[in-house]
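Input: a single structure, listed below in structure tokens.
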Amino acid sequence: MGLLLHLAVDSIEENKRLAISSCGNAAIGAATVARAAGRPIDVFIPTWANAAIVAELESLGAQIHVCERKKDQLGDPCMIQFHKAIESGALPFGVQATENILTLDGGRTIGWELAEALEENPADDLFIQVGGGALLTSCAIGLFEAAQFRRLSKVPRIWAVQAEGCAPFDAAWKKIPKEKTVSEVIEYCQEHQSELMTPWANPTGLATGILDDITYDWIGVVRSLLLTNGGSVVAREEQVAQASDLVPSLGIQTEPTGAASVAGAINSYESGQIGGQTTIAVLLTGKDRSINQGFD
């Protein structure tokens, strides 16, 4: 929605095609606002995309492009086709800030909403699922701003959650020399990007919405974790399944991707990273589309 507002303010012609590489909530959100504004949109999805989500995208009038991974191909085939669309004149309308920095401008409003909730119910630790990385990065920006303007007393420790079938951020995080200052670590990451952030081979798992083979906005995630003394968590697949059952049992109809933050909290507790008396917050994203495929 934030990107759409920027397009309107900048008077971008309405027949200019929008493009997004996503097979989950981001694609549905993009297609929903694109249809509302009467703008054409191309959505690049993997072969294993959720059928219910694909059906909803088609009902929203999105042009679907199924991208098959070629043998020995490195990098997300959806992103490869997405980049070709951008080169042909389409506008990046997705959730990777590396493609459109204004993504973070809209996403930080989630951080402001989180700040309001955390001020009323403080938490020691906050778990956020990570695919491309913009969600955690933009939420953290909002939380830091809330603290700066004294609307939030304390920013909790932030934990980046990935699943064992696709954890490129965690792999990079383990290689980073964290004994340096925050600015020095960020500089190191920028200078060694090609060595630290490499494509994950054959991403698999229940939480399909975070199976990005590269954490595109990973440096923003690194900064957020360092500033809050947080860390990286890799949930086992059975923990993702456990979280997917637990959250709906509490009356919140989410799905594996949406409940991945809870899987991270379970892993952190079982591994001793957080204690039994720790107050935690989790970000739940995405309803279970198999229950209700409507878009109102």
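Labels used: A, B, ... for chains in the order of the structure tokens, numbers from 1 for residues in each chain, and numbers from 1 for ligands as shown.
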
Backbone-only DSSP, alpha helix (DSSP H) members of segment 19-205 of chain A, as a VMD selection string:
chain A and resid 25 to 37 51 to 59 77 to 87 102 to 120 134 to 148 168 to 175 182 to 191 193 to 196

Which residues are close to segment 228-245 of chain A, i.e. within 6 Å by only C-alpha atoms, leaving aside same-chain residues fewer than 5 positions away? Reply as a list in words.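 Non-adjacent residues within range: Arg157, Ile158, Trp159, Ala160, Val161, Gln162, Ala163, Glu164, Asp170, Glu255, Pro256, Ala259, Ala260, Val262, Ala263, Gly264 and Asn267 of chain A.
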
Taking only residues of segment 199-274 of chain A that have an atom at most 12 Å from an atom of segment 41-64 of chain A, what is each one's shortest atom pair and its distance in Å to one decimal, using only C-alpha atoms, in chain and number order, as a Markdown table?
```
| residue | atom | partner | partner_atom | distance |
| --- | --- | --- | --- | --- |
| A:Pro203 | CA | A:Trp48 | CA | 10.9 |
| A:Thr204 | CA | A:Trp48 | CA | 9.8 |
| A:Gly205 | CA | A:Trp48 | CA | 10.8 |
| A:Leu206 | CA | A:Asn50 | CA | 10.6 |
| A:Ala207 | CA | A:Asn50 | CA | 10.7 |
| A:Thr208 | CA | A:Ala49 | CA | 7.7 |
| A:Gly209 | CA | A:Ala49 | CA | 9.0 |
| A:Ile210 | CA | A:Ala49 | CA | 11.9 |
| A:Leu211 | CA | A:Pro46 | CA | 10.3 |
| A:Asp212 | CA | A:Pro46 | CA | 10.7 |
| A:Asp213 | CA | A:Pro46 | CA | 11.9 |
| A:Glu255 | CA | A:Asn50 | CA | 11.3 |
| A:Pro256 | CA | A:Asn50 | CA | 11.7 |
| A:Thr257 | CA | A:Asn50 | CA | 11.6 |
```

Strand (DSSP E or B) call set, DSSP backbone run, segment 75-153 of chain A, as a list in words:
Leu91, Pro92, Asp125, Leu126, Phe127, Ile128 and Gln129 of chain A

Residue subset to file, keeping N, CA and C atoms, as a PDB file, in the first residue's frame:
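File written: again_17.pdb
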```pdb
ATOM      1  N   LEU A  91       7.616  -1.993 -13.067  1.00  0.00           N
ATOM      2  CA  LEU A  91       8.025  -1.349 -11.814  1.00  0.00           C
ATOM      3  C   LEU A  91       8.080  -2.377 -10.694  1.00  0.00           C
ATOM      4  N   PRO A  92       9.179  -2.423  -9.905  1.00  0.00           N
ATOM      5  CA  PRO A  92       9.270  -3.364  -8.786  1.00  0.00           C
ATOM      6  C   PRO A  92       8.234  -3.028  -7.722  1.00  0.00           C
ATOM      7  N   ASP A 125      11.787 -10.395  24.538  1.00  0.00           N
ATOM      8  CA  ASP A 125      12.272 -10.889  23.253  1.00  0.00           C
ATOM      9  C   ASP A 125      11.154 -10.863  22.220  1.00  0.00           C
ATOM     10  N   LEU A 126      11.530 -10.557  20.967  1.00  0.00           N
ATOM     11  CA  LEU A 126      10.579 -10.505  19.860  1.00  0.00           C
ATOM     12  C   LEU A 126      11.083 -11.407  18.735  1.00  0.00           C
ATOM     13  N   PHE A 127      10.234 -12.340  18.294  1.00  0.00           N
ATOM     14  CA  PHE A 127      10.597 -13.287  17.244  1.00  0.00           C
ATOM     15  C   PHE A 127       9.871 -12.931  15.947  1.00  0.00           C
ATOM     16  N   ILE A 128      10.645 -12.761  14.874  1.00  0.00           N
ATOM     17  CA  ILE A 128      10.084 -12.391  13.572  1.00  0.00           C
ATOM     18  C   ILE A 128      10.646 -13.328  12.512  1.00  0.00           C
ATOM     19  N   GLN A 129       9.761 -13.910  11.698  1.00  0.00           N
ATOM     20  CA  GLN A 129      10.195 -14.814  10.642  1.00  0.00           C
ATOM     21  C   GLN A 129      10.899 -14.041   9.529  1.00  0.00           C
TER      22      GLN A 129
END
```

task: Tell me which of A:Val33, A:Ala27, A:Ala147, A:Ile186 sits closest to Gly220 of chain A, counting only C-alpha atoms.
output: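 Going through A:Val33, A:Ala27, A:Ala147, A:Ile186 one by one, the smallest distance to Gly220 of chain A is for A:Ile186.
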